[in-house]
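A.B. asks: Enclosed is the structure file model_15.pdb (PDB, C-alpha atoms).
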```pdb
ATOM      1  CA  PRO G   5      -0.556  29.806 114.499  1.00  0.00           C
ATOM      2  CA  ALA G   6      -3.221  31.421 112.326  1.00  0.00           C
ATOM      3  CA  PRO G   7      -6.797  30.289 112.947  1.00  0.00           C
ATOM      4  CA  GLN G   8      -8.034  27.730 110.463  1.00  0.00           C
ATOM      5  CA  THR G   9     -11.033  28.597 108.314  1.00  0.00           C
ATOM      6  CA  PRO G  10     -13.434  25.705 107.937  1.00  0.00           C
ATOM      7  CA  ALA G  11     -13.857  24.442 104.397  1.00  0.00           C
ATOM      8  CA  PRO G  12     -17.153  25.367 102.790  1.00  0.00           C
ATOM      9  CA  SER G  13     -19.697  22.591 102.865  1.00  0.00           C
ATOM     10  CA  ALA G  14     -22.123  21.895 100.072  1.00  0.00           C
ATOM     11  CA  SER G  15     -25.795  22.111 100.837  1.00  0.00           C
ATOM     12  CA  PRO G  16     -27.615  18.857 100.080  1.00  0.00           C
ATOM     13  CA  SER G  17     -30.437  20.794  98.402  1.00  0.00           C
ATOM     14  CA  PRO G  18     -29.372  24.212  97.117  1.00  0.00           C
ATOM     15  CA  SER G  19     -31.889  26.994  97.486  1.00  0.00           C
ATOM     16  CA  PRO G  20     -32.711  29.040  94.412  1.00  0.00           C
ATOM     17  CA  SER G  21     -31.889  32.744  94.398  1.00  0.00           C
ATOM     18  CA  PHE G  22     -35.640  33.259  94.874  1.00  0.00           C
ATOM     19  CA  SER G  23     -38.121  31.383  97.063  1.00  0.00           C
ATOM     20  CA  CYS G  24     -40.701  28.867  95.942  1.00  0.00           C
ATOM     21  CA  PRO G  25     -43.447  27.279  98.029  1.00  0.00           C
ATOM     22  CA  ASP G  26     -43.104  23.684  99.271  1.00  0.00           C
ATOM     23  CA  GLY G  27     -43.593  21.202  96.460  1.00  0.00           C
ATOM     24  CA  GLN G  28     -42.177  23.561  93.847  1.00  0.00           C
ATOM     25  CA  VAL G  29     -38.731  24.011  92.320  1.00  0.00           C
ATOM     26  CA  GLY G  30     -37.045  27.223  91.158  1.00  0.00           C
ATOM     27  CA  PHE G  31     -36.698  27.192  87.352  1.00  0.00           C
ATOM     28  CA  VAL G  32     -34.353  29.795  85.858  1.00  0.00           C
ATOM     29  CA  LEU G  33     -33.956  30.633  82.192  1.00  0.00           C
ATOM     30  CA  THR G  34     -30.962  32.866  81.457  1.00  0.00           C
ATOM     31  CA  LEU G  35     -31.080  34.098  77.876  1.00  0.00           C
ATOM     32  CA  THR G  36     -28.594  36.320  76.067  1.00  0.00           C
ATOM     33  CA  THR G  37     -30.102  37.566  72.835  1.00  0.00           C
ATOM     34  CA  ASP G  38     -28.304  37.677  69.494  1.00  0.00           C
ATOM     35  CA  ASP G  39     -28.252  40.742  67.226  1.00  0.00           C
ATOM     36  CA  TYR G  40     -31.951  40.222  66.387  1.00  0.00           C
ATOM     37  CA  PRO G  41     -33.725  39.692  69.727  1.00  0.00           C
ATOM     38  CA  GLU G  42     -37.183  40.234  68.249  1.00  0.00           C
ATOM     39  CA  GLU G  43     -36.822  36.879  66.421  1.00  0.00           C
ATOM     40  CA  THR G  44     -36.690  34.895  69.683  1.00  0.00           C
ATOM     41  CA  ARG G  45     -39.563  33.385  71.647  1.00  0.00           C
ATOM     42  CA  TRP G  46     -39.997  30.468  74.024  1.00  0.00           C
ATOM     43  CA  VAL G  47     -42.689  28.360  75.676  1.00  0.00           C
ATOM     44  CA  LEU G  48     -42.573  26.276  78.874  1.00  0.00           C
ATOM     45  CA  LYS G  49     -45.214  23.551  79.141  1.00  0.00           C
ATOM     46  CA  GLN G  50     -45.999  21.023  81.845  1.00  0.00           C
ATOM     47  CA  GLY G  51     -46.465  17.492  80.525  1.00  0.00           C
ATOM     48  CA  ASP G  52     -44.620  15.208  78.142  1.00  0.00           C
ATOM     49  CA  ASN G  53     -46.653  15.695  74.957  1.00  0.00           C
ATOM     50  CA  TRP G  54     -46.307  19.074  73.220  1.00  0.00           C
ATOM     51  CA  PRO G  55     -49.833  19.372  71.762  1.00  0.00           C
ATOM     52  CA  THR G  56     -51.525  18.529  75.068  1.00  0.00           C
ATOM     53  CA  GLY G  57     -49.048  20.060  77.534  1.00  0.00           C
ATOM     54  CA  MET G  58     -50.260  22.907  79.749  1.00  0.00           C
ATOM     55  CA  VAL G  59     -48.612  26.260  79.009  1.00  0.00           C
ATOM     56  CA  ILE G  60     -46.887  27.520  82.160  1.00  0.00           C
ATOM     57  CA  ALA G  61     -45.218  30.588  80.649  1.00  0.00           C
ATOM     58  CA  SER G  62     -44.172  32.000  77.288  1.00  0.00           C
ATOM     59  CA  VAL G  63     -42.864  35.099  75.560  1.00  0.00           C
ATOM     60  CA  ASP G  64     -43.696  36.449  72.113  1.00  0.00           C
ATOM     61  CA  TYR G  65     -41.660  37.567  69.150  1.00  0.00           C
ATOM     62  CA  LEU G  66     -41.150  41.309  68.666  1.00  0.00           C
ATOM     63  CA  THR G  67     -42.319  42.563  72.068  1.00  0.00           C
ATOM     64  CA  THR G  68     -40.429  40.802  74.846  1.00  0.00           C
ATOM     65  CA  TYR G  69     -36.775  40.845  73.914  1.00  0.00           C
ATOM     66  CA  THR G  70     -35.831  44.180  72.380  1.00  0.00           C
ATOM     67  CA  LYS G  71     -32.130  44.772  73.097  1.00  0.00           C
ATOM     68  CA  PRO G  72     -29.419  43.008  71.068  1.00  0.00           C
ATOM     69  CA  GLN G  73     -26.796  41.078  73.055  1.00  0.00           C
ATOM     70  CA  ALA G  74     -28.703  41.679  76.313  1.00  0.00           C
ATOM     71  CA  THR G  75     -29.115  39.107  79.084  1.00  0.00           C
ATOM     72  CA  TYR G  76     -32.571  38.389  80.479  1.00  0.00           C
ATOM     73  CA  ILE G  77     -33.278  36.215  83.514  1.00  0.00           C
ATOM     74  CA  GLU G  78     -36.670  34.545  83.927  1.00  0.00           C
ATOM     75  CA  ASN G  79     -37.524  33.059  87.346  1.00  0.00           C
ATOM     76  CA  LEU G  80     -40.456  30.666  87.766  1.00  0.00           C
ATOM     77  CA  CYS G  81     -41.656  28.277  90.440  1.00  0.00           C
ATOM     78  CA  ILE G  82     -42.698  24.961  88.870  1.00  0.00           C
ATOM     79  CA  GLU G  83     -44.152  21.768  90.327  1.00  0.00           C
ATOM     80  CA  GLU G  84     -41.568  19.368  91.762  1.00  0.00           C
ATOM     81  CA  ASN G  85     -41.327  15.844  90.254  1.00  0.00           C
ATOM     82  CA  GLU G  86     -43.368  16.806  87.179  1.00  0.00           C
ATOM     83  CA  THR G  87     -42.273  16.653  83.540  1.00  0.00           C
ATOM     84  CA  PHE G  88     -41.780  19.901  81.623  1.00  0.00           C
ATOM     85  CA  MET G  89     -40.964  20.840  78.041  1.00  0.00           C
ATOM     86  CA  PHE G  90     -39.029  24.019  77.242  1.00  0.00           C
ATOM     87  CA  ARG G  91     -39.038  25.024  73.580  1.00  0.00           C
ATOM     88  CA  ILE G  92     -37.134  28.005  72.158  1.00  0.00           C
ATOM     89  CA  PHE G  93     -37.801  29.338  68.650  1.00  0.00           C
ATOM     90  CA  ASP G  94     -36.048  31.574  66.156  1.00  0.00           C
ATOM     91  CA  LYS G  95     -38.405  33.151  63.643  1.00  0.00           C
ATOM     92  CA  VAL G  96     -35.903  33.228  60.741  1.00  0.00           C
ATOM     93  CA  ARG G  97     -34.440  29.772  61.480  1.00  0.00           C
ATOM     94  CA  ASP G  98     -30.874  30.732  62.363  1.00  0.00           C
ATOM     95  CA  GLY G  99     -30.925  30.151  66.127  1.00  0.00           C
ATOM     96  CA  ILE G 100     -29.429  32.667  68.540  1.00  0.00           C
ATOM     97  CA  CYS G 101     -25.788  31.745  67.967  1.00  0.00           C
ATOM     98  CA  CYS G 102     -23.514  32.265  66.072  1.00  0.00           C
ATOM     99  CA  ASN G 103     -24.229  33.847  62.662  1.00  0.00           C
ATOM    100  CA  HIS G 104     -25.633  37.113  64.036  1.00  0.00           C
ATOM    101  CA  GLY G 105     -24.175  37.582  67.497  1.00  0.00           C
ATOM    102  CA  LYS G 106     -23.304  35.224  70.297  1.00  0.00           C
ATOM    103  CA  GLY G 107     -26.689  34.557  71.871  1.00  0.00           C
ATOM    104  CA  GLU G 108     -27.144  31.649  74.234  1.00  0.00           C
ATOM    105  CA  TYR G 109     -29.487  30.324  76.878  1.00  0.00           C
ATOM    106  CA  SER G 110     -29.258  28.115  79.934  1.00  0.00           C
ATOM    107  CA  LEU G 111     -31.823  26.266  82.018  1.00  0.00           C
ATOM    108  CA  ALA G 112     -31.389  25.678  85.751  1.00  0.00           C
ATOM    109  CA  LEU G 113     -33.305  24.092  88.616  1.00  0.00           C
ATOM    110  CA  ASN G 114     -32.647  25.623  92.039  1.00  0.00           C
ATOM    111  CA  ASP G 115     -29.657  27.470  90.563  1.00  0.00           C
ATOM    112  CA  GLN G 116     -28.094  24.272  89.198  1.00  0.00           C
ATOM    113  CA  GLU G 117     -27.641  24.570  85.437  1.00  0.00           C
ATOM    114  CA  PHE G 118     -28.678  21.468  83.511  1.00  0.00           C
ATOM    115  CA  HIS G 119     -28.774  22.583  79.860  1.00  0.00           C
ATOM    116  CA  THR G 120     -27.220  25.256  77.639  1.00  0.00           C
ATOM    117  CA  GLY G 121     -27.879  26.000  74.010  1.00  0.00           C
ATOM    118  CA  GLY G 122     -28.114  28.567  71.254  1.00  0.00           C
ATOM    119  CA  ALA G 123     -26.848  26.908  68.066  1.00  0.00           C
ATOM    120  CA  PHE G 124     -30.073  25.569  66.594  1.00  0.00           C
ATOM    121  CA  LYS G 125     -32.107  26.489  63.531  1.00  0.00           C
ATOM    122  CA  ARG G 126     -35.860  27.019  63.983  1.00  0.00           C
ATOM    123  CA  LYS G 127     -36.386  25.481  67.432  1.00  0.00           C
ATOM    124  CA  GLU G 128     -34.891  23.407  70.194  1.00  0.00           C
ATOM    125  CA  GLN G 129     -36.836  21.502  72.825  1.00  0.00           C
ATOM    126  CA  THR G 130     -35.615  20.255  76.194  1.00  0.00           C
ATOM    127  CA  THR G 131     -37.794  17.851  78.171  1.00  0.00           C
ATOM    128  CA  PHE G 132     -36.940  17.391  81.848  1.00  0.00           C
ATOM    129  CA  THR G 133     -38.286  16.317  85.211  1.00  0.00           C
ATOM    130  CA  ALA G 134     -38.176  19.029  87.873  1.00  0.00           C
ATOM    131  CA  ILE G 135     -36.319  17.725  90.904  1.00  0.00           C
ATOM    132  CA  SER G 136     -35.083  19.842  93.778  1.00  0.00           C
ATOM    133  CA  SER G 137     -31.510  18.623  93.991  1.00  0.00           C
ATOM    134  CA  TYR G 138     -28.949  16.933  91.810  1.00  0.00           C
ATOM    135  CA  SER G 139     -25.226  17.041  91.133  1.00  0.00           C
ATOM    136  CA  ASP G 140     -22.972  16.780  88.092  1.00  0.00           C
ATOM    137  CA  THR G 141     -23.206  13.000  88.328  1.00  0.00           C
ATOM    138  CA  ASN G 142     -26.917  12.994  89.107  1.00  0.00           C
ATOM    139  CA  THR G 143     -28.541  15.248  86.502  1.00  0.00           C
ATOM    140  CA  PRO G 144     -32.294  15.769  86.505  1.00  0.00           C
ATOM    141  CA  PRO G 145     -33.957  12.612  85.238  1.00  0.00           C
ATOM    142  CA  ARG G 146     -35.240  12.418  81.713  1.00  0.00           C
ATOM    143  CA  ILE G 147     -33.315  15.233  80.064  1.00  0.00           C
ATOM    144  CA  GLU G 148     -34.056  15.043  76.348  1.00  0.00           C
ATOM    145  CA  VAL G 149     -32.925  17.656  73.845  1.00  0.00           C
ATOM    146  CA  ASP G 150     -34.453  17.726  70.361  1.00  0.00           C
ATOM    147  CA  SER G 151     -33.061  20.134  67.791  1.00  0.00           C
ATOM    148  CA  THR G 152     -34.921  18.717  64.809  1.00  0.00           C
ATOM    149  CA  ASN G 153     -36.331  21.497  62.735  1.00  0.00           C
ATOM    150  CA  GLU G 154     -39.005  19.775  60.737  1.00  0.00           C
ATOM    151  CA  GLY G 155     -42.453  21.341  60.699  1.00  0.00           C
ATOM    152  CA  GLU G 156     -45.006  19.613  62.850  1.00  0.00           C
ATOM    153  CA  GLU G 157     -48.725  19.860  62.253  1.00  0.00           C
ATOM    154  CA  GLU G 158     -50.269  20.973  65.521  1.00  0.00           C
ATOM    155  CA  GLU G 159     -53.476  22.825  66.107  1.00  0.00           C
ATOM    156  CA  LEU G 160     -53.336  26.357  67.489  1.00  0.00           C
ATOM    157  CA  SER G 161     -55.354  26.783  70.673  1.00  0.00           C
ATOM    158  CA  SER G 162     -57.479  29.895  70.690  1.00  0.00           C
ATOM    159  CA  ALA G 163     -57.055  30.606  74.405  1.00  0.00           C
ATOM    160  CA  LEU G 164     -53.848  29.653  76.172  1.00  0.00           C
ATOM    161  CA  PRO G 165     -53.409  30.143  79.934  1.00  0.00           C
ATOM    162  CA  TYR G 166     -50.523  32.620  80.042  1.00  0.00           C
ATOM    163  CA  ILE G 167     -48.932  33.885  83.223  1.00  0.00           C
ATOM    164  CA  GLU G 168     -46.578  36.779  83.673  1.00  0.00           C
ATOM    165  CA  VAL G 169     -42.952  35.764  83.941  1.00  0.00           C
ATOM    166  CA  GLY G 170     -40.577  37.136  86.569  1.00  0.00           C
ATOM    167  CA  LYS G 171     -39.032  40.464  85.658  1.00  0.00           C
ATOM    168  CA  GLU G 172     -35.478  40.236  86.961  1.00  0.00           C
ATOM    169  CA  THR G 173     -33.346  41.446  84.079  1.00  0.00           C
ATOM    170  CA  ARG G 174     -29.885  42.576  83.180  1.00  0.00           C
ATOM    171  CA  GLY G 175     -29.551  44.784  80.138  1.00  0.00           C
ATOM    172  CA  GLY G 176     -33.162  45.028  79.061  1.00  0.00           C
ATOM    173  CA  ASN G 177     -36.792  45.492  79.888  1.00  0.00           C
ATOM    174  CA  ILE G 178     -39.100  42.526  80.000  1.00  0.00           C
ATOM    175  CA  ASP G 179     -42.842  42.360  79.542  1.00  0.00           C
ATOM    176  CA  SER G 180     -43.428  38.658  79.571  1.00  0.00           C
ATOM    177  CA  THR G 181     -47.069  38.210  78.880  1.00  0.00           C
ATOM    178  CA  SER G 182     -48.109  36.710  75.605  1.00  0.00           C
ATOM    179  CA  GLU G 183     -51.005  36.884  73.206  1.00  0.00           C
ATOM    180  CA  ASN G 184     -51.492  35.050  69.929  1.00  0.00           C
ATOM    181  CA  GLU G 185     -49.527  36.749  67.183  1.00  0.00           C
ATOM    182  CA  GLU G 186     -51.309  38.657  64.452  1.00  0.00           C
ATOM    183  CA  ASP G 187     -48.542  37.867  61.975  1.00  0.00           C
ATOM    184  CA  SER G 188     -48.532  34.123  62.669  1.00  0.00           C
ATOM    185  CA  THR G 189     -47.742  31.823  59.829  1.00  0.00           C
ATOM    186  CA  SER G 190     -48.843  28.221  59.615  1.00  0.00           C
ATOM    187  CA  GLU G 191     -45.362  27.158  60.705  1.00  0.00           C
ATOM    188  CA  ASP G 192     -45.661  29.271  63.845  1.00  0.00           C
ATOM    189  CA  GLU G 193     -48.943  27.629  64.865  1.00  0.00           C
ATOM    190  CA  GLU G 194     -47.142  24.717  66.510  1.00  0.00           C
ATOM    191  CA  GLU G 195     -45.314  27.120  68.816  1.00  0.00           C
ATOM    192  CA  ALA G 196     -48.338  28.113  70.828  1.00  0.00           C
ATOM    193  CA  SER G 197     -50.244  24.848  70.779  1.00  0.00           C
TER     194      SER G 197
END
```
Could you rewrite the structure in this file as structure tokens?
C.D. replies:
Amino acid sequence: PAPQTPAPSASPSPSPSFSCPDGQVGFVLTLTTDDYPEETRWVLKQGDNWPTGMVIASVDYLTTYTKPQATYIENLCIEENETFMFRIFDKVRDGICCNHGKGEYSLALNDQEFHTGGAFKRKEQTTFTAISSYSDTNTPPRIEVDSTNEGEEEELSSALPYIEVGKETRGGNIDSTSENEEDSTSEDEEEAS
């Protein structure tokens, strides 16, 4: 008789495709741009209140995503058991899917996807708690998605603590540092604050 191959066994706590120190979780943003990549930006903050949350990473309009229909992968190590807010913006308020290309994005913790999106107008926010392991029946606690597109009055901080985002990419070049935009409008002020 042929030798039997053991069935694969699931790891109780999957490891991300990159390493993070103890007490941190691998956060992965996979973003496929639409036909107008320069209209897309995002911000990741730690905390549960947008105006007071601490900016962990962000990318700007115009400079970061430059290739249409290209996939970019951002890898970050974030604090385990903390609350985070991920907010994606589209400068002309048509999202990244589906009027001008089939853009999309997904969020994952330790390589386990927990949210996908792309069909929004001006912005979409996902609030989540970073835990190291979960399954389809045990999603990360406190996942909240808000696709409301009303303007919010928030004050623009003059100096935000930006860090450089990981540079693993497919289909494009990434320079993921951010400065305040020169062409900001009052509606864009809430994005950075």
A.B. asks: When you draw a straight line from atom CA of Gln129 of chain G to atom CA of Gly51 of chain G, how long is it in Å?
C.D. replies: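 Interatomic distance here is 13.0 Å.
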A.B. asks: Can you turn the PyMOL selection byres ((chain G and resi 24-40) around 7) into a concrete residue list for this file, as a PyMOL selection string?
C.D. replies: chain G and resi 20+22-23+41-43+72-84+100-101+104-114+134-136
A.B. asks: I need the chosen residues saved as a PDB file, keeping the file's coordinate frame, with C-alpha atoms.
C.D. replies:
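Output file again.pdb follows:
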```
ATOM      1  CA  PRO G  20     -32.711  29.040  94.412  1.00  0.00           C
ATOM      2  CA  PHE G  22     -35.640  33.259  94.874  1.00  0.00           C
ATOM      3  CA  SER G  23     -38.121  31.383  97.063  1.00  0.00           C
ATOM      4  CA  PRO G  41     -33.725  39.692  69.727  1.00  0.00           C
ATOM      5  CA  GLU G  42     -37.183  40.234  68.249  1.00  0.00           C
ATOM      6  CA  GLU G  43     -36.822  36.879  66.421  1.00  0.00           C
ATOM      7  CA  PRO G  72     -29.419  43.008  71.068  1.00  0.00           C
ATOM      8  CA  GLN G  73     -26.796  41.078  73.055  1.00  0.00           C
ATOM      9  CA  ALA G  74     -28.703  41.679  76.313  1.00  0.00           C
ATOM     10  CA  THR G  75     -29.115  39.107  79.084  1.00  0.00           C
ATOM     11  CA  TYR G  76     -32.571  38.389  80.479  1.00  0.00           C
ATOM     12  CA  ILE G  77     -33.278  36.215  83.514  1.00  0.00           C
ATOM     13  CA  GLU G  78     -36.670  34.545  83.927  1.00  0.00           C
ATOM     14  CA  ASN G  79     -37.524  33.059  87.346  1.00  0.00           C
ATOM     15  CA  LEU G  80     -40.456  30.666  87.766  1.00  0.00           C
ATOM     16  CA  CYS G  81     -41.656  28.277  90.440  1.00  0.00           C
ATOM     17  CA  ILE G  82     -42.698  24.961  88.870  1.00  0.00           C
ATOM     18  CA  GLU G  83     -44.152  21.768  90.327  1.00  0.00           C
ATOM     19  CA  GLU G  84     -41.568  19.368  91.762  1.00  0.00           C
ATOM     20  CA  ILE G 100     -29.429  32.667  68.540  1.00  0.00           C
ATOM     21  CA  CYS G 101     -25.788  31.745  67.967  1.00  0.00           C
ATOM     22  CA  HIS G 104     -25.633  37.113  64.036  1.00  0.00           C
ATOM     23  CA  GLY G 105     -24.175  37.582  67.497  1.00  0.00           C
ATOM     24  CA  LYS G 106     -23.304  35.224  70.297  1.00  0.00           C
ATOM     25  CA  GLY G 107     -26.689  34.557  71.871  1.00  0.00           C
ATOM     26  CA  GLU G 108     -27.144  31.649  74.234  1.00  0.00           C
ATOM     27  CA  TYR G 109     -29.487  30.324  76.878  1.00  0.00           C
ATOM     28  CA  SER G 110     -29.258  28.115  79.934  1.00  0.00           C
ATOM     29  CA  LEU G 111     -31.823  26.266  82.018  1.00  0.00           C
ATOM     30  CA  ALA G 112     -31.389  25.678  85.751  1.00  0.00           C
ATOM     31  CA  LEU G 113     -33.305  24.092  88.616  1.00  0.00           C
ATOM     32  CA  ASN G 114     -32.647  25.623  92.039  1.00  0.00           C
ATOM     33  CA  ALA G 134     -38.176  19.029  87.873  1.00  0.00           C
ATOM     34  CA  ILE G 135     -36.319  17.725  90.904  1.00  0.00           C
ATOM     35  CA  SER G 136     -35.083  19.842  93.778  1.00  0.00           C
TER      36      SER G 136
END
```
A.B. asks: Which residue gives the smallest distance to Tyr69 of chain G among G:His119, G:Arg97, G:Arg126, G:Arg45, with all atoms listed in the file counted?
C.D. replies: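 Checking each candidate against Tyr69 of chain G, we get G:Arg45 as the closest.
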A.B. asks: For the file shown, report as a PyMOL selection string the outcome of the PyMOL selection byres ((chain G and resi 131) around 10) at residue level.
C.D. replies: chain G and resi 48-54+87-91+129-130+132-134+145-150
A.B. asks: So how many Å separate atom CA of Glu128 of chain G and atom CA of Ile92 of chain G, to one decimal?
C.D. replies: 5.5 Å
A.B. asks: If you measure from atom CA of Phe93 of chain G to atom CA of Trp46 of chain G, what distance in Å do you get, rounded to one decimal?
C.D. replies: 5.9 Å
